[in-house]
>>> print(open('my_file-v5.pdb').read())   # PDB, C-alpha atoms, pLDDT in the B column
ATOM      1  CA  MET A   1      28.855  58.252   3.581  1.00 57.00           C
ATOM      2  CA  ARG A   2      26.355  55.482   2.788  1.00 66.00           C
ATOM      3  CA  THR A   3      28.322  53.014   4.908  1.00 66.00           C
ATOM      4  CA  ALA A   4      28.188  55.430   7.832  1.00 67.00           C
ATOM      5  CA  LEU A   5      24.426  55.763   7.458  1.00 65.00           C
ATOM      6  CA  ASN A   6      24.134  51.963   7.398  1.00 67.00           C
ATOM      7  CA  GLU A   7      25.671  51.725  10.883  1.00 68.00           C
ATOM      8  CA  GLY A   8      29.017  50.661   9.453  1.00 70.00           C
ATOM      9  CA  ARG A   9      27.649  47.916   7.226  1.00 75.00           C
ATOM     10  CA  PRO A  10      28.911  48.189   3.648  1.00 79.00           C
ATOM     11  CA  GLU A  11      26.463  48.137   0.770  1.00 83.00           C
ATOM     12  CA  PRO A  12      26.268  44.842  -1.111  1.00 86.00           C
ATOM     13  CA  THR A  13      27.948  44.573  -4.461  1.00 89.00           C
ATOM     14  CA  PRO A  14      25.859  43.495  -7.454  1.00 91.00           C
ATOM     15  CA  GLU A  15      27.763  40.215  -7.379  1.00 95.00           C
ATOM     16  CA  THR A  16      26.702  39.605  -3.766  1.00 92.00           C
ATOM     17  CA  VAL A  17      23.048  40.158  -4.599  1.00 93.00           C
ATOM     18  CA  LEU A  18      23.266  37.948  -7.684  1.00 96.00           C
ATOM     19  CA  LEU A  19      25.011  35.136  -5.801  1.00 96.00           C
ATOM     20  CA  ALA A  20      22.370  35.226  -3.061  1.00 95.00           C
ATOM     21  CA  ASP A  21      19.629  34.934  -5.697  1.00 96.00           C
ATOM     22  CA  ILE A  22      21.445  32.047  -7.427  1.00 97.00           C
ATOM     23  CA  PHE A  23      21.912  30.279  -4.087  1.00 96.00           C
ATOM     24  CA  ASP A  24      18.178  30.563  -3.342  1.00 96.00           C
ATOM     25  CA  MET A  25      17.255  29.338  -6.809  1.00 97.00           C
ATOM     26  CA  LEU A  26      19.521  26.290  -6.542  1.00 97.00           C
ATOM     27  CA  GLN A  27      18.174  25.464  -3.079  1.00 96.00           C
ATOM     28  CA  ASN A  28      14.600  25.625  -4.412  1.00 95.00           C
ATOM     29  CA  VAL A  29      15.410  23.465  -7.447  1.00 96.00           C
ATOM     30  CA  ASP A  30      17.024  20.884  -5.165  1.00 95.00           C
ATOM     31  CA  TRP A  31      14.003  20.947  -2.851  1.00 93.00           C
ATOM     32  CA  HIS A  32      11.590  20.458  -5.767  1.00 93.00           C
ATOM     33  CA  ILE A  33      13.573  17.467  -7.032  1.00 92.00           C
ATOM     34  CA  VAL A  34      13.610  15.839  -3.591  1.00 90.00           C
ATOM     35  CA  ALA A  35       9.931  16.642  -2.977  1.00 89.00           C
ATOM     36  CA  SER A  36       8.858  15.166  -6.311  1.00 89.00           C
ATOM     37  CA  ASN A  37      10.726  11.900  -5.644  1.00 88.00           C
ATOM     38  CA  VAL A  38       9.543  11.316  -2.083  1.00 87.00           C
ATOM     39  CA  ASP A  39       6.866   8.748  -1.308  1.00 83.00           C
ATOM     40  CA  LYS A  40       3.458  10.402  -0.984  1.00 76.00           C
ATOM     41  CA  LYS A  41       2.829   8.667   2.362  1.00 74.00           C
ATOM     42  CA  THR A  42       5.785  10.377   4.006  1.00 78.00           C
ATOM     43  CA  ASN A  43       6.079  14.005   4.900  1.00 83.00           C
ATOM     44  CA  LEU A  44       7.612  16.429   2.468  1.00 83.00           C
ATOM     45  CA  PRO A  45      11.022  17.828   3.376  1.00 86.00           C
ATOM     46  CA  LYS A  46      11.134  21.306   4.861  1.00 89.00           C
ATOM     47  CA  THR A  47      11.331  24.132   2.389  1.00 91.00           C
ATOM     48  CA  PRO A  48      14.781  25.727   2.245  1.00 93.00           C
ATOM     49  CA  LYS A  49      15.490  28.934   4.089  1.00 93.00           C
ATOM     50  CA  PRO A  50      16.506  31.870   1.912  1.00 93.00           C
ATOM     51  CA  TYR A  51      20.064  33.111   1.973  1.00 92.00           C
ATOM     52  CA  PRO A  52      20.421  35.748   4.704  1.00 90.00           C
ATOM     53  CA  ARG A  53      20.367  39.159   3.086  1.00 88.00           C
ATOM     54  CA  TRP A  54      21.954  41.447   5.672  1.00 82.00           C
ATOM     55  CA  TRP A  55      21.446  44.490   3.479  1.00 81.00           C
ATOM     56  CA  LEU A  56      17.664  44.032   3.539  1.00 82.00           C
ATOM     57  CA  GLN A  57      17.523  43.277   7.262  1.00 74.00           C
ATOM     58  CA  ALA A  58      19.264  46.555   8.054  1.00 58.00           C
ATOM     59  CA  ALA A  59      16.781  48.517   5.936  1.00 56.00           C
ATOM     60  CA  ALA A  60      13.772  46.745   7.433  1.00 58.00           C
ATOM     61  CA  SER A  61      14.898  47.280  11.013  1.00 59.00           C
ATOM     62  CA  LYS A  62      15.153  51.043  10.697  1.00 54.00           C
ATOM     63  CA  GLY A  63      11.421  51.518  11.111  1.00 58.00           C
ATOM     64  CA  ASP A  64      10.150  55.030  10.466  1.00 61.00           C
ATOM     65  CA  GLY A  65      13.578  56.491   9.661  1.00 65.00           C
ATOM     66  CA  SER A  66      13.688  58.870  12.616  1.00 72.00           C
ATOM     67  CA  ASP A  67      17.014  57.370  13.717  1.00 81.00           C
ATOM     68  CA  ARG A  68      18.467  58.028  10.269  1.00 79.00           C
ATOM     69  CA  VAL A  69      17.228  61.610  10.338  1.00 83.00           C
ATOM     70  CA  ALA A  70      18.796  62.116  13.762  1.00 85.00           C
ATOM     71  CA  ARG A  71      22.137  60.757  12.539  1.00 87.00           C
ATOM     72  CA  LEU A  72      22.021  63.026   9.493  1.00 88.00           C
ATOM     73  CA  GLU A  73      21.282  66.064  11.651  1.00 90.00           C
ATOM     74  CA  ALA A  74      24.156  65.165  13.993  1.00 91.00           C
ATOM     75  CA  ALA A  75      26.516  64.835  11.003  1.00 92.00           C
ATOM     76  CA  ARG A  76      25.407  68.214   9.671  1.00 93.00           C
ATOM     77  CA  ALA A  77      25.949  69.806  13.089  1.00 94.00           C
ATOM     78  CA  ARG A  78      29.483  68.352  13.249  1.00 94.00           C
ATOM     79  CA  LYS A  79      30.178  69.710   9.772  1.00 93.00           C
ATOM     80  CA  ARG A  80      29.001  73.208  10.783  1.00 94.00           C
ATOM     81  CA  GLU A  81      31.115  73.108  13.966  1.00 94.00           C
ATOM     82  CA  ARG A  82      34.175  72.049  11.991  1.00 93.00           C
ATOM     83  CA  ALA A  83      33.644  74.799   9.408  1.00 93.00           C
ATOM     84  CA  GLN A  84      33.347  77.369  12.204  1.00 93.00           C
ATOM     85  CA  ALA A  85      36.524  76.075  13.878  1.00 92.00           C
ATOM     86  CA  ILE A  86      38.410  76.288  10.582  1.00 91.00           C
ATOM     87  CA  ALA A  87      37.130  79.825   9.968  1.00 92.00           C
ATOM     88  CA  ALA A  88      38.198  80.857  13.493  1.00 91.00           C
ATOM     89  CA  GLY A  89      41.660  79.405  12.894  1.00 88.00           C
ATOM     90  CA  LEU A  90      41.387  76.826  15.685  1.00 88.00           C
ATOM     91  CA  ILE A  91      42.086  73.911  13.346  1.00 85.00           C
ATOM     92  CA  ALA A  92      43.608  73.637   9.896  1.00 77.00           C
TER
END
>>> encode(input="my_file-v5.pdb", output="structure tokens")
Amino acid sequence: MRTALNEGRPEPTPETVLLADIFDMLQNVDWHIVASNVDKKTNLPKTPKPYPRWWLQAAASKGDGSDRVARLEAARARKRERAQAIAAGLIA
């Protein structure tokens, strides 16, 4: 059900979240080491980009949640229609 509400994207496992955090931490440690050993007259290297967290991007892009509410209402309507069809003997 939660995957369907996430537009088909599965929820991340705890291991996925932890590995993304570890990746970011290692990138930052590496950047700090390089930045501390660079000559002060040169420019610092660019800061590393964080690991893409697709599970947060999906939540942020939903906005006010009206799309989610509409999908939930549509699912409830389909459930009612199916229950009525079963009660009428149209489907098993």
>>> atom_distance(input="my_file-v5.pdb", atom1="CA of Ala77 (chain A)", atom2="CA of Ile91 (chain A)")
16.7 Å
>>> closest_residue(input="my_file-v5.pdb", among="A:Lys79, A:Arg71, A:Arg9, A:His32", to="Leu44 (chain A)", atoms="only C-alpha atoms")
A:His32
>>> resolve_selection(input="my_file-v5.pdb", expression="the PyMOL selection byres ((chain A and resi 52) around 12)", output="mmCIF file with C-alpha atoms, in the frame of the given file")
data_model
loop_
_atom_site.group_PDB
_atom_site.id
_atom_site.type_symbol
_atom_site.label_atom_id
_atom_site.label_comp_id
_atom_site.auth_asym_id
_atom_site.auth_seq_id
_atom_site.Cartn_x
_atom_site.Cartn_y
_atom_site.Cartn_z
ATOM 1 C CA THR A 16 26.702 39.605 -3.766
ATOM 2 C CA VAL A 17 23.048 40.158 -4.599
ATOM 3 C CA LEU A 19 25.011 35.136 -5.801
ATOM 4 C CA ALA A 20 22.370 35.226 -3.061
ATOM 5 C CA ASP A 21 19.629 34.934 -5.697
ATOM 6 C CA PHE A 23 21.912 30.279 -4.087
ATOM 7 C CA ASP A 24 18.178 30.563 -3.342
ATOM 8 C CA PRO A 48 14.781 25.727 2.245
ATOM 9 C CA LYS A 49 15.490 28.934 4.089
ATOM 10 C CA PRO A 50 16.506 31.870 1.912
ATOM 11 C CA TYR A 51 20.064 33.111 1.973
ATOM 12 C CA ARG A 53 20.367 39.159 3.086
ATOM 13 C CA TRP A 54 21.954 41.447 5.672
ATOM 14 C CA TRP A 55 21.446 44.490 3.479
ATOM 15 C CA LEU A 56 17.664 44.032 3.539
ATOM 16 C CA GLN A 57 17.523 43.277 7.262
ATOM 17 C CA ALA A 58 19.264 46.555 8.054
#
>>> residues_around(input="my_file-v5.pdb", residues="Ala35 (chain A)", least_positions_apart="5", cutoff="12 Å", atoms="only C-alpha atoms", output="PyMOL selection string")
chain A and resi 28-30+40-48
>>> decode(input="my_file-v5.pdb", residues="region 10-26 of chain A", atoms="all heavy atoms", output="CSV table (one decimal), in the first residue's frame")
chain,number,residue,atom,x,y,z
A,10,PRO,N,9.6,2.1,-4.0
A,10,PRO,CA,9.6,1.4,-2.7
A,10,PRO,C,10.2,2.2,-1.6
A,10,PRO,O,11.0,3.1,-1.9
A,10,PRO,CB,10.5,0.1,-3.0
A,10,PRO,CG,11.3,0.5,-4.1
A,10,PRO,CD,10.5,1.5,-5.0
A,11,GLU,N,9.8,1.9,-0.4
A,11,GLU,CA,10.4,2.7,0.7
A,11,GLU,C,11.8,2.2,0.9
A,11,GLU,O,12.2,1.0,0.7
A,11,GLU,CB,9.6,2.4,2.0
A,11,GLU,CG,8.2,2.9,1.9
A,11,GLU,CD,7.9,3.9,3.0
A,11,GLU,OE1,8.7,4.0,3.9
A,11,GLU,OE2,6.9,4.5,2.8
A,12,PRO,N,12.7,3.1,1.4
A,12,PRO,CA,14.1,2.7,1.6
A,12,PRO,C,14.2,1.8,2.8
A,12,PRO,O,13.5,1.9,3.8
A,12,PRO,CB,14.8,4.0,1.9
A,12,PRO,CG,13.8,4.9,2.5
A,12,PRO,CD,12.5,4.5,1.8
A,13,THR,N,15.1,0.8,2.8
A,13,THR,CA,15.4,0.0,3.9
A,13,THR,C,16.3,0.8,4.9
A,13,THR,O,17.0,1.7,4.5
A,13,THR,CB,16.1,-1.3,3.5
A,13,THR,OG1,17.4,-0.9,2.9
A,13,THR,CG2,15.3,-2.1,2.5
A,14,PRO,N,16.3,0.4,6.1
A,14,PRO,CA,17.2,1.1,7.1
A,14,PRO,C,18.7,1.0,6.6
A,14,PRO,O,19.5,1.9,6.8
A,14,PRO,CB,17.0,0.3,8.4
A,14,PRO,CG,15.7,-0.3,8.3
A,14,PRO,CD,15.5,-0.6,6.8
A,15,GLU,N,19.0,-0.1,6.0
A,15,GLU,CA,20.4,-0.2,5.5
A,15,GLU,C,20.7,0.8,4.4
A,15,GLU,O,21.8,1.4,4.3
A,15,GLU,CB,20.7,-1.6,4.9
A,15,GLU,CG,20.7,-2.7,6.0
A,15,GLU,CD,19.2,-3.2,6.3
A,15,GLU,OE1,18.3,-2.9,5.5
A,15,GLU,OE2,19.1,-4.0,7.3
A,16,THR,N,19.7,1.1,3.5
A,16,THR,CA,19.9,2.1,2.5
A,16,THR,C,20.1,3.4,3.1
A,16,THR,O,21.0,4.2,2.6
A,16,THR,CB,18.7,2.1,1.5
A,16,THR,OG1,18.4,0.8,1.1
A,16,THR,CG2,18.9,3.0,0.4
A,17,VAL,N,19.3,3.8,4.0
A,17,VAL,CA,19.5,5.1,4.7
A,17,VAL,C,20.8,5.2,5.4
A,17,VAL,O,21.5,6.2,5.3
A,17,VAL,CB,18.3,5.3,5.7
A,17,VAL,CG1,18.5,6.6,6.4
A,17,VAL,CG2,17.0,5.3,5.0
A,18,LEU,N,21.2,4.2,6.1
A,18,LEU,CA,22.5,4.2,6.8
A,18,LEU,C,23.7,4.2,5.8
A,18,LEU,O,24.6,5.0,6.0
A,18,LEU,CB,22.6,2.9,7.6
A,18,LEU,CG,23.9,2.8,8.5
A,18,LEU,CD1,23.9,3.9,9.5
A,18,LEU,CD2,23.9,1.4,9.2
A,19,LEU,N,23.6,3.5,4.7
A,19,LEU,CA,24.7,3.6,3.7
A,19,LEU,C,24.8,4.9,3.1
A,19,LEU,O,25.9,5.4,2.8
A,19,LEU,CB,24.5,2.5,2.7
A,19,LEU,CG,24.8,1.1,3.1
A,19,LEU,CD1,24.4,0.1,2.1
A,19,LEU,CD2,26.3,0.9,3.5
A,20,ALA,N,23.7,5.6,2.8
A,20,ALA,CA,23.7,6.9,2.3
A,20,ALA,C,24.4,7.9,3.2
A,20,ALA,O,25.2,8.8,2.9
A,20,ALA,CB,22.3,7.4,1.9
A,21,ASP,N,24.1,7.8,4.5
A,21,ASP,CA,24.7,8.6,5.5
A,21,ASP,C,26.2,8.4,5.7
A,21,ASP,O,27.0,9.3,5.8
A,21,ASP,CB,24.0,8.4,6.9
A,21,ASP,CG,22.6,9.0,7.0
A,21,ASP,OD1,22.3,9.8,6.1
A,21,ASP,OD2,21.9,8.5,7.9
A,22,ILE,N,26.6,7.1,5.6
A,22,ILE,CA,28.0,6.8,5.7
A,22,ILE,C,28.7,7.3,4.5
A,22,ILE,O,29.9,7.8,4.6
A,22,ILE,CB,28.2,5.2,5.8
A,22,ILE,CG1,27.7,4.8,7.2
A,22,ILE,CG2,29.6,4.8,5.6
A,22,ILE,CD1,27.7,3.3,7.4
A,23,PHE,N,28.1,7.2,3.3
A,23,PHE,CA,28.7,7.7,2.1
A,23,PHE,C,29.0,9.2,2.2
A,23,PHE,O,30.1,9.7,1.9
A,23,PHE,CB,27.8,7.4,0.9
A,23,PHE,CG,28.4,7.9,-0.4
A,23,PHE,CD1,29.3,7.2,-1.2
A,23,PHE,CD2,28.0,9.1,-0.9
A,23,PHE,CE1,29.8,7.7,-2.4
A,23,PHE,CE2,28.5,9.6,-2.1
A,23,PHE,CZ,29.4,8.9,-2.8
A,24,ASP,N,28.0,9.9,2.7
A,24,ASP,CA,28.1,11.4,2.8
A,24,ASP,C,29.2,11.7,3.8
A,24,ASP,O,30.0,12.6,3.6
A,24,ASP,CB,26.8,12.0,3.3
A,24,ASP,CG,25.8,12.1,2.2
A,24,ASP,OD1,26.2,11.9,1.0
A,24,ASP,OD2,24.6,12.3,2.5
A,25,MET,N,29.3,11.0,4.9
A,25,MET,CA,30.3,11.2,5.9
A,25,MET,C,31.7,11.0,5.4
A,25,MET,O,32.6,11.8,5.6
A,25,MET,CB,30.0,10.3,7.2
A,25,MET,CG,31.0,10.6,8.3
A,25,MET,SD,32.4,9.5,8.4
A,25,MET,CE,31.8,7.9,8.1
A,26,LEU,N,31.9,9.9,4.6
A,26,LEU,CA,33.2,9.6,4.1
A,26,LEU,C,33.6,10.7,3.0
A,26,LEU,O,34.8,11.1,3.0
A,26,LEU,CB,33.2,8.2,3.5
A,26,LEU,CG,33.2,7.1,4.5
A,26,LEU,CD1,33.1,5.8,3.8
A,26,LEU,CD2,34.4,7.1,5.4
